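*Asks:* Got a file for you: coords34.cif, mmCIF, C-alpha atoms and all ligand atoms.
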data_run
#
loop_
_atom_site.label_atom_id
_atom_site.label_comp_id
_atom_site.auth_asym_id
_atom_site.auth_seq_id
_atom_site.Cartn_x
_atom_site.Cartn_y
_atom_site.Cartn_z
CA MET A 1 4.04 -3.65 -0.91
CA PRO A 2 6.14 -2.86 -3.99
CA ALA A 3 4.64 0.44 -5.06
CA LEU A 4 5.42 0.26 -8.77
CA SER A 5 4.48 -3.24 -9.98
CA ALA A 6 1.48 -3.43 -7.62
CA LEU A 7 -0.07 -0.27 -9.06
CA GLU A 8 0.97 -0.86 -12.64
CA GLU A 9 -2.68 -1.22 -13.69
CA ARG A 10 -3.16 2.50 -13.06
CA LEU A 11 -0.95 3.15 -16.12
CA LEU A 12 -1.42 2.28 -19.79
CA PRO A 13 -0.64 -1.35 -20.72
CA ALA A 14 0.70 -0.24 -24.09
CA TYR A 15 1.40 3.00 -25.92
CA ARG A 16 -1.67 4.50 -27.64
CA ASN A 17 -1.97 7.36 -30.10
CA PHE A 18 -5.11 8.65 -28.39
CA PRO A 19 -5.07 10.13 -24.88
CA ARG A 20 -6.73 8.14 -22.09
CA GLY A 21 -6.40 10.54 -19.17
CA ARG A 22 -4.28 8.41 -16.88
CA PHE A 23 -1.95 10.54 -14.82
CA VAL A 24 0.92 9.81 -12.50
CA SER A 25 2.46 12.78 -10.69
CA LEU A 26 5.99 12.74 -9.32
CA ILE A 27 6.16 15.18 -6.42
CA LEU A 28 9.80 16.16 -6.18
CA VAL A 29 11.89 18.04 -3.68
CA ARG A 30 14.91 19.50 -5.44
CA LYS A 31 17.62 20.62 -3.04
CA THR A 32 20.71 22.56 -4.05
CA GLU A 33 23.93 21.04 -2.72
CA SER A 34 26.18 23.83 -3.92
CA GLU A 35 25.72 27.39 -5.05
CA ALA A 36 23.44 27.55 -8.07
CA VAL A 37 22.30 30.11 -10.62
CA PHE A 38 18.87 29.86 -12.21
CA ARG A 39 18.06 32.57 -14.71
CA THR A 40 16.14 32.85 -17.94
CA GLU A 41 18.68 34.79 -19.95
CA GLY A 42 22.43 34.59 -20.29
CA ALA A 43 25.30 35.71 -18.07
CA GLY A 44 24.91 39.02 -16.30
CA GLU A 45 21.20 38.53 -15.77
CA ASP A 46 19.78 38.36 -12.29
CA LEU A 47 18.23 35.17 -10.90
CA SER A 48 14.65 34.46 -11.96
CA ARG A 49 12.30 35.62 -9.21
CA GLU A 50 8.59 36.25 -8.83
CA PHE A 51 6.43 38.01 -6.28
CA VAL A 52 3.76 35.63 -4.97
CA ARG A 53 1.72 35.03 -1.82
CA ALA A 54 3.71 33.26 0.88
CA GLY A 55 1.04 30.67 1.61
CA LEU A 56 -2.58 29.80 0.94
CA GLU A 57 -3.44 30.99 4.44
CA ASP A 58 -0.49 33.32 4.97
CA GLN A 59 -1.36 36.15 2.58
CA ALA A 60 1.93 38.03 2.94
CA VAL A 61 3.65 38.78 -0.38
CA VAL A 62 7.14 37.33 -0.80
CA GLN A 63 9.62 37.03 -3.61
CA ARG A 64 10.61 33.48 -4.55
CA VAL A 65 13.40 32.15 -6.76
CA VAL A 66 12.07 30.31 -9.82
CA ILE A 67 13.54 27.46 -11.84
CA THR A 68 11.80 27.65 -15.20
CA LYS A 69 10.09 24.54 -16.49
CA ARG A 70 12.25 24.18 -19.57
CA LYS A 71 15.49 24.27 -17.59
CA GLN A 72 14.36 21.30 -15.54
CA THR A 73 13.21 18.88 -18.21
CA ALA A 74 16.03 19.85 -20.58
CA VAL A 75 18.55 18.56 -18.02
CA GLU A 76 16.64 15.33 -17.51
CA ARG A 77 16.15 14.74 -21.22
CA ARG A 78 19.89 15.04 -21.79
CA THR A 79 20.53 12.55 -18.98
CA GLY A 80 18.15 10.08 -20.61
CA ARG A 81 19.49 10.65 -24.09
CA GLU A 82 23.05 9.86 -22.98
CA LEU A 83 21.75 6.47 -21.94
CA LEU A 84 19.85 5.96 -25.21
CA ARG A 85 22.97 6.92 -27.17
CA THR A 86 25.07 4.45 -25.18
CA HIS A 87 22.64 1.67 -26.00
CA GLY A 88 22.25 2.64 -29.66
CA LEU A 89 18.62 3.66 -29.21
CA LEU A 90 18.71 7.08 -30.89
CA TYR A 91 17.91 6.85 -34.57
CA ALA A 92 18.61 8.67 -37.77
CA LYS A 93 15.75 9.92 -39.84
CA GLU A 94 15.74 9.49 -43.58
CA PRO A 95 16.87 12.86 -44.97
CA LYS A 96 14.54 14.64 -47.38
CA ALA A 97 17.20 15.56 -49.93
CA LYS A 98 18.75 12.58 -51.69
CA ASP A 99 22.38 13.49 -51.20
CA ALA A 100 21.95 14.67 -47.58
CA LYS A 101 23.42 12.53 -44.83
CA ALA A 102 21.12 10.89 -42.30
CA GLU A 103 21.82 12.45 -38.91
CA GLU A 104 21.17 10.93 -35.52
CA CYS A 105 18.26 12.28 -33.46
CA ALA A 106 19.44 15.38 -31.56
CA LEU A 107 17.89 18.10 -29.44
CA ASN A 108 17.22 21.50 -31.03
CA ARG A 109 18.47 20.43 -34.45
CA ASN A 110 15.11 19.85 -36.06
CA ASN A 111 15.96 16.24 -36.86
CA ALA A 112 13.89 14.36 -34.28
CA CYS A 113 13.89 10.65 -35.14
CA GLU A 114 10.24 10.32 -34.05
CA ARG A 115 10.76 6.86 -32.59
CA CYS A 116 13.23 6.95 -29.70
CA LEU A 117 12.03 7.02 -26.08
CA ASP A 118 12.95 10.68 -25.74
CA CYS A 119 10.98 11.76 -28.82
CA MET A 120 7.99 9.64 -27.80
CA ILE A 121 7.85 10.67 -24.13
CA TYR A 122 9.08 14.27 -24.04
CA GLY A 123 7.65 15.10 -27.45
CA TYR A 124 8.91 16.56 -30.70
CA ALA A 125 7.69 18.73 -33.51
CA VAL A 126 9.16 18.57 -36.97
CA GLY A 127 8.49 21.49 -39.29
CA GLY A 128 5.99 20.20 -41.83
CA GLY A 129 6.26 16.67 -40.47
CA GLY A 130 4.94 14.73 -37.52
CA ALA A 131 4.53 15.79 -33.93
CA GLN A 132 4.16 14.14 -30.56
CA LYS A 133 2.94 16.25 -27.70
CA SER A 134 5.07 15.90 -24.60
CA ARG A 135 3.59 13.50 -22.07
CA VAL A 136 5.71 15.05 -19.30
CA LEU A 137 3.85 18.10 -17.99
CA THR A 138 5.91 20.56 -15.98
CA ASP A 139 5.70 24.01 -14.53
CA ASP A 140 8.02 26.58 -12.99
CA ALA A 141 9.36 25.44 -9.60
CA PHE A 142 9.46 27.88 -6.68
CA SER A 143 11.83 28.09 -3.77
CA LEU A 144 10.12 27.13 -0.54
CA LEU A 145 11.66 30.04 1.34
CA PRO A 146 11.73 33.67 0.13
CA ALA A 147 14.52 34.83 -2.17
CA GLY A 148 15.98 37.02 0.58
CA ALA A 149 16.64 33.97 2.74
CA VAL A 150 18.06 31.68 0.07
CA THR A 151 20.15 33.92 -2.15
CA GLY A 152 23.43 35.71 -1.80
CA ARG A 153 25.58 37.95 -3.94
CA ARG A 154 29.24 37.38 -4.50
CA THR A 155 31.75 39.79 -5.89
CA GLY A 156 35.17 38.72 -6.94
CA ASN A 157 37.85 39.10 -9.51
CA ALA A 158 39.52 36.77 -11.94
CA LEU A 159 43.23 36.34 -11.27
CA TYR A 160 45.97 35.96 -13.85
CA ASP A 161 48.46 33.07 -14.07
CA ASN A 162 50.70 34.83 -11.56
CA SER A 163 47.84 34.89 -8.98
CA THR A 164 47.60 38.67 -9.01
CA MET A 165 45.18 41.14 -10.52
CA ARG A 166 47.92 42.56 -12.73
CA ASP A 167 48.26 41.33 -16.28
CA PRO A 168 51.73 39.65 -16.35
CA VAL A 169 52.35 40.94 -19.88
CA SER A 170 50.99 44.47 -19.92
CA GLY A 171 51.15 45.17 -16.18
CA ASP A 172 47.61 46.63 -16.31
CA ALA A 173 45.17 46.06 -13.48
CA SER A 174 42.47 43.46 -14.09
CA GLN A 175 39.08 44.71 -15.21
CA ALA A 176 37.49 41.33 -14.63
CA ILE A 177 35.62 42.12 -11.47
CA TYR A 178 32.27 40.40 -11.34
CA GLU A 179 29.23 40.39 -9.14
CA ASP A 180 27.05 37.31 -9.23
CA PRO A 181 23.80 36.53 -7.47
CA TYR A 182 23.45 32.90 -6.48
CA VAL A 183 21.10 30.49 -4.73
CA ARG A 184 22.52 29.19 -1.46
CA PRO A 185 23.28 25.51 -0.87
CA GLU A 186 20.47 23.55 0.85
CA THR A 187 17.69 25.55 -0.76
CA HIS A 188 14.56 23.49 -1.41
CA PHE A 189 12.39 23.79 -4.52
CA LEU A 190 9.15 21.91 -5.06
CA GLU A 191 8.16 20.50 -8.41
CA ILE A 192 5.44 18.22 -9.71
CA GLU A 193 6.26 16.34 -12.90
CA THR A 194 3.05 14.95 -14.27
CA LEU A 195 3.23 12.04 -16.69
CA LYS A 196 0.19 11.55 -18.86
CA ASP A 197 -0.76 8.25 -20.46
CA VAL A 198 2.58 6.54 -19.96
CA THR A 199 3.36 2.84 -19.58
CA ILE A 200 5.21 1.41 -16.58
CA GLY A 201 8.39 1.24 -18.68
CA GLU A 202 8.11 4.89 -19.64
CA LEU A 203 7.56 5.81 -15.98
CA LEU A 204 10.75 3.92 -15.07
CA TYR A 205 12.66 5.78 -17.78
CA VAL A 206 11.49 9.21 -16.54
CA LEU A 207 12.15 8.26 -12.90
CA GLY A 208 15.67 7.19 -13.88
CA ASN A 209 16.24 10.52 -15.62
CA VAL A 210 15.03 12.50 -12.60
CA LEU A 211 17.00 10.52 -10.04
CA ARG A 212 20.19 10.48 -12.10
CA SER A 213 20.23 14.19 -12.98
CA THR A 214 22.46 16.24 -10.69
CA ARG A 215 23.35 19.49 -12.44
CA TYR A 216 20.90 22.30 -13.06
CA GLY A 217 21.18 25.98 -13.90
CA ALA A 218 24.02 28.02 -15.33
CA VAL A 219 27.74 27.11 -15.33
CA SER A 220 26.70 23.62 -14.31
CA SER A 221 30.17 22.11 -14.63
CA ARG A 222 31.21 24.09 -11.55
CA GLN A 223 28.01 24.72 -9.62
CA GLY A 224 24.30 23.97 -9.65
CA ARG A 225 24.56 20.61 -7.96
CA VAL A 226 21.03 19.49 -7.11
CA ARG A 227 19.67 16.42 -5.38
CA ASN A 228 16.22 15.28 -6.48
CA ARG A 229 14.13 13.40 -4.00
CA LEU A 230 10.82 11.72 -4.75
CA ALA A 231 8.57 12.86 -1.89
CA ALA A 232 5.27 11.41 -3.10
CA LEU A 233 3.80 9.78 -6.18
CA VAL A 234 0.12 10.11 -7.03
CA TYR A 235 -1.99 8.16 -9.55
CA SER A 236 -5.07 10.06 -10.75
CA ASP A 237 -7.29 10.73 -13.77
CA CYS A 238 -6.52 14.44 -14.02
CA GLU A 239 -3.75 16.84 -13.15
CA LEU A 240 -3.37 17.65 -9.45
CA PHE A 241 -2.47 21.11 -8.11
CA SER A 242 0.17 23.55 -9.35
CA ASN A 243 3.73 23.81 -8.09
CA LEU A 244 2.89 27.22 -6.65
CA GLU A 245 -0.15 25.96 -4.77
CA LEU A 246 1.88 23.08 -3.36
CA THR A 247 4.70 25.42 -2.35
CA GLN A 248 2.23 27.73 -0.59
CA ALA A 249 0.52 24.83 1.19
CA VAL A 250 3.90 23.51 2.37
CA HIS A 251 4.80 26.99 3.61
CA ASP A 252 1.59 27.03 5.69
CA GLN A 253 2.42 23.58 7.10
CA LEU A 254 5.93 24.67 8.08
CA ARG A 255 4.51 27.72 9.83
CA ALA A 256 1.86 25.72 11.67
CA GLY A 257 4.15 25.51 14.69
CA GLY A 258 4.06 29.29 14.99
CA ALA A 259 7.65 30.14 14.05
CA GLU A 260 8.72 31.47 10.64
CA PRO A 261 10.68 28.76 8.82
CA GLU A 262 14.36 29.60 8.45
CA HIS A 263 17.13 28.65 6.05
CA PRO A 264 18.46 25.93 5.92
CA LEU A 265 15.40 23.77 6.42
CA PRO A 266 15.90 20.16 7.54
CA ASP A 267 14.92 17.63 4.83
CA ASP A 268 12.71 15.69 7.22
CA ALA A 269 10.64 18.77 8.04
CA VAL A 270 10.21 19.51 4.34
CA LEU A 271 9.18 15.94 3.52
CA ALA A 272 6.70 15.84 6.40
CA ALA A 273 5.23 19.19 5.35
CA VAL A 274 4.92 18.00 1.74
CA ALA A 275 3.03 14.90 2.91
CA SER A 276 0.60 17.01 4.98
CA ALA A 277 0.18 19.54 2.17
CA VAL A 278 -0.61 16.82 -0.39
CA ALA A 279 -3.16 15.32 2.00
CA ALA A 280 -4.72 18.76 2.52
CA LEU A 281 -4.86 19.66 -1.18
CA LEU A 282 -6.00 16.33 -2.65
CA PRO A 283 -9.65 16.53 -1.57
CA ARG A 284 -9.99 19.67 -3.74
CA VAL A 285 -8.84 17.80 -6.86
CA VAL A 286 -11.76 16.57 -8.94
CA SER A 287 -10.42 13.09 -9.60
CA ALA A 288 -11.82 9.62 -9.12
CA ALA A 289 -9.93 7.95 -6.26
CA PRO A 290 -6.41 9.36 -6.46
CA THR A 291 -3.90 6.92 -4.98
CA VAL A 292 -0.93 8.32 -3.05
CA VAL A 293 2.37 6.54 -2.56
CA ASP A 294 3.87 8.07 0.59
CA ALA A 295 7.48 8.95 1.45
CA ALA A 296 8.31 5.41 2.62
CA GLY A 297 6.89 3.96 -0.61
CA CYS A 298 8.92 6.52 -2.56
CA GLU A 299 12.11 5.43 -0.76
CA ALA A 300 11.39 1.89 -1.97
CA ILE A 301 10.77 3.15 -5.52
CA THR A 302 14.05 5.08 -5.47
CA ALA A 303 15.90 1.95 -4.27
CA THR A 304 14.23 -0.13 -7.00
CA VAL A 305 15.19 2.30 -9.75
CA GLY A 306 18.72 2.29 -8.31
CA CYS A 307 18.88 -1.52 -8.57
CA LEU A 308 17.47 -1.47 -12.07
CA TYR A 309 20.02 1.03 -13.34
CA ARG A 310 23.03 -0.53 -11.65
CA ASP A 311 23.23 -3.27 -14.27
CA GLY A 312 24.01 -1.96 -17.76
CA ALA A 313 22.72 -5.05 -19.56
CA ARG A 314 19.45 -4.88 -17.68
CA VAL A 315 18.97 -1.20 -18.47
CA GLY A 316 19.53 -1.97 -22.15
CA ALA A 317 16.93 -4.75 -22.02
CA LEU A 318 14.49 -2.45 -20.25
CA LEU A 319 14.89 0.37 -22.75
CA ARG A 320 14.48 -1.97 -25.72
CA ALA A 321 11.34 -3.48 -24.19
CA VAL A 322 9.85 0.00 -23.58
CA GLU A 323 10.60 1.01 -27.14
CA GLN A 324 9.01 -2.12 -28.59
CA ALA A 325 5.58 -0.69 -27.70
CA TYR A 326 5.86 2.12 -30.25
CA ALA A 327 6.16 -0.21 -33.20
CA VAL A 328 2.98 -2.10 -32.30
CA ASN A 329 0.71 0.82 -31.38
CA GLY A 330 -2.12 -0.46 -29.21
CA SER A 331 -1.33 -4.16 -29.38
CA GLU A 332 -0.66 -5.32 -25.87
CA ALA A 333 0.59 -8.82 -26.67
CA SER A 334 3.90 -7.78 -28.18
CA SER A 335 4.22 -4.45 -26.41
CA GLY A 336 7.19 -5.48 -24.27
CA ARG A 337 5.09 -5.04 -21.13
CA ALA A 338 5.75 -8.57 -19.81
CA GLU A 339 9.50 -8.08 -20.15
CA VAL A 340 9.39 -4.67 -18.43
CA LEU A 341 7.40 -6.13 -15.54
CA ARG A 342 9.79 -9.06 -15.21
CA LEU A 343 12.78 -6.72 -14.95
CA LEU A 344 10.91 -4.44 -12.55
CA ARG A 345 9.88 -7.27 -10.18
CA GLN A 346 13.44 -8.57 -10.18
CA ALA A 347 14.73 -5.13 -9.15
CA GLU A 348 11.99 -4.75 -6.53
CA GLN A 349 13.06 -8.01 -4.90
CA GLU A 350 16.69 -6.98 -4.89
CA ALA A 351 15.83 -3.61 -3.37
CA GLU A 352 13.92 -5.10 -0.45
ZN ZN B 1 14.37 10.69 -31.22
#
Kindly return the structure encoded in the file as structure tokens.
Ligand SMILES: [Zn+2]
*Replies:*
Amino acid sequence: MPALSALEERLLPAYRNFPRGRFVSLILVRKTESEAVFRTEGAGEDLSREFVRAGLEDQAVVQRVVITKRKQTAVERRTGRELLRTHGLLYAKEPKAKDAKAEECALNRNNACERCLDCMIYGYAVGGGGAQKSRVLTDDAFSLLPAGAVTGRRTGNALYDNSTMRDPVSGDASQAIYEDPYVRPETHFLEIETLKDVTIGELLYVLGNVLRSTRYGAVSSRQGRVRNRLAALVYSDCELFSNLELTQAVHDQLRAGGAEPEHPLPDDAVLAAVASAVAALLPRVVSAAPTVVDAAGCEAITATVGCLYRDGARVGALLRAVEQAYAVNGSEASSGRAEVLRLLRQAEQEAE
């Protein structure tokens, strides 16, 4: 059963200004595929880490590496905005001063256009003007294994043009010796991205951003390669559990066999543990009939999104149809929903 179009009724049919309490949670496994550095401050800072309980049952205290919430969505927003820019779907806002030039919607420049997909989904706040609360709820993500197992420290020195540590002009020895902590390749992080009151088109846009983002953390042109995998997707009428709770429950599942889990963990073991942990945690969530799309369903969703995004013209049509809903707040007839569903079903068939 195609997991997206078949469950589309669990989402909003059209964008509304007032919240309705419809949630869809993307349960993600982020795996580093190269060395990576996640820190809150600039260069020279250590990796972000926190002391927490290892599991819900296992009460040992461990230190875990943290990817802060902002660092995750910022990457995905930029991925999405590149696409919007390509298709001419970022707008300029009328400037307040008469002689000022209208500037295109940009991040962190206090000139949100208030009508593009990014502004409407991830939110914006304009000083003295309008605001849209983000409908993508996130939280810090924790490494599944303790920091000691998944981090290393590298020292090195920067060489000159002549491949030595001596300055070819002055003959002085290089001072550029550095020591950098890093997260090892094949480290798993768990993250739940919760989308609140989104339409099917908006869900497709966010999924595209998540699945197409590959670089996280510092110095991302040379490291920080991450693969995002959709492990489960849950429809509900409230938020589920926290990233930390999920991470702890998965830790307990991995330890159920008796042995301490070791780095690097096989993906299959992580995915299976996530599925069991979600099943164990869901009964504690006070929600009317949450619906879970399992790992196999998520594979199909990933393939569908892949098909959808492979065709540039189709992506453009999709994005325009999603955006149409903002102009006709609440009116379902001209909300672009029919067009989004048509494109989605087409991609679902191709992905089968
Ligand atoms: Zn905008």
*Asks:* What does the list of residues within 8 Å of ligand ZN 1 (chain B) look like if you count all atoms listed in the file, written as a count of residues only?
*Replies:* 13
*Asks:* Excluding segment 273-277 of chain A and any residue of its chain fewer than 2 positions from it, enumerate the residues within 6 Å of it, using only C-alpha atoms, and give them as a list in words.
*Replies:*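 My list of contacting residues is Ala249, Val250, Gln253, Val270, Leu271, Ala279 and Ala280 of chain A.
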*Asks:* Quick one: distance from atom CA of Ala218 of chain A to atom CA of Thr155 of chain A in Å, one decimal?
*Replies:* 17.0 Å
*Asks:* With a distance cut-off of 8 Å and all atoms listed in the file, select the neighbouring residues of Gly21 of chain A, excluding the residue or stretch itself and same-chain residues fewer than 2 positions from it, and output the selection as a list of chain:residue names.
*Replies:*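 So, after excluding close chain neighbours, the residues are A:Pro19, A:Phe23, A:Lys196, A:Asp197, A:Asp237, A:Cys238.
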*Asks:* With distances taken over all atoms listed in the file, which residue among A:Val210, A:Ala54, A:Leu240, A:Val293 lies nearest Leu7 of chain A?
*Replies:*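 Of A:Val210, A:Ala54, A:Leu240, A:Val293, the one nearest Leu7 of chain A, counting all atoms listed in the file, is A:Val293.
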*Asks:* Would you mind telling me which residue in A:Gly156, A:Gly201, A:Asp58, A:Val136 lies nearest to Leu254 of chain A when using all atoms listed in the file?
*Replies:* A:Asp58
*Asks:* So what do you get for atom CA of Pro283 of chain A versus atom CA of Ala231 of chain A, distance-wise?
*Replies:*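 Those two atoms sit 18.6 Å apart.
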*Asks:* Do a neighbour search on Arg310 of chain A at 12 Å with all atoms listed in the file, toss out local chain neighbours closer than 3 positions, and write the hits as a list in words.
*Replies:*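 After dropping sequence-adjacent residues, the list is Gly208, Arg212, Ala303, Thr304, Val305, Gly306, Cys307, Ala313, Arg314, Val315, Gly316, Ala347, Glu350 and Ala351 of chain A.
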*Asks:* Show me, as JSON, the centre and edge lengths in Å to one decimal of the axis-aligned box that covers every listed atom of segment 66-76 of chain A with 4 Å on each side.
*Replies:*
{"center_x": 14.3, "center_y": 22.8, "center_z": -15.2, "size_x": 16.5, "size_y": 23.0, "size_z": 18.8}
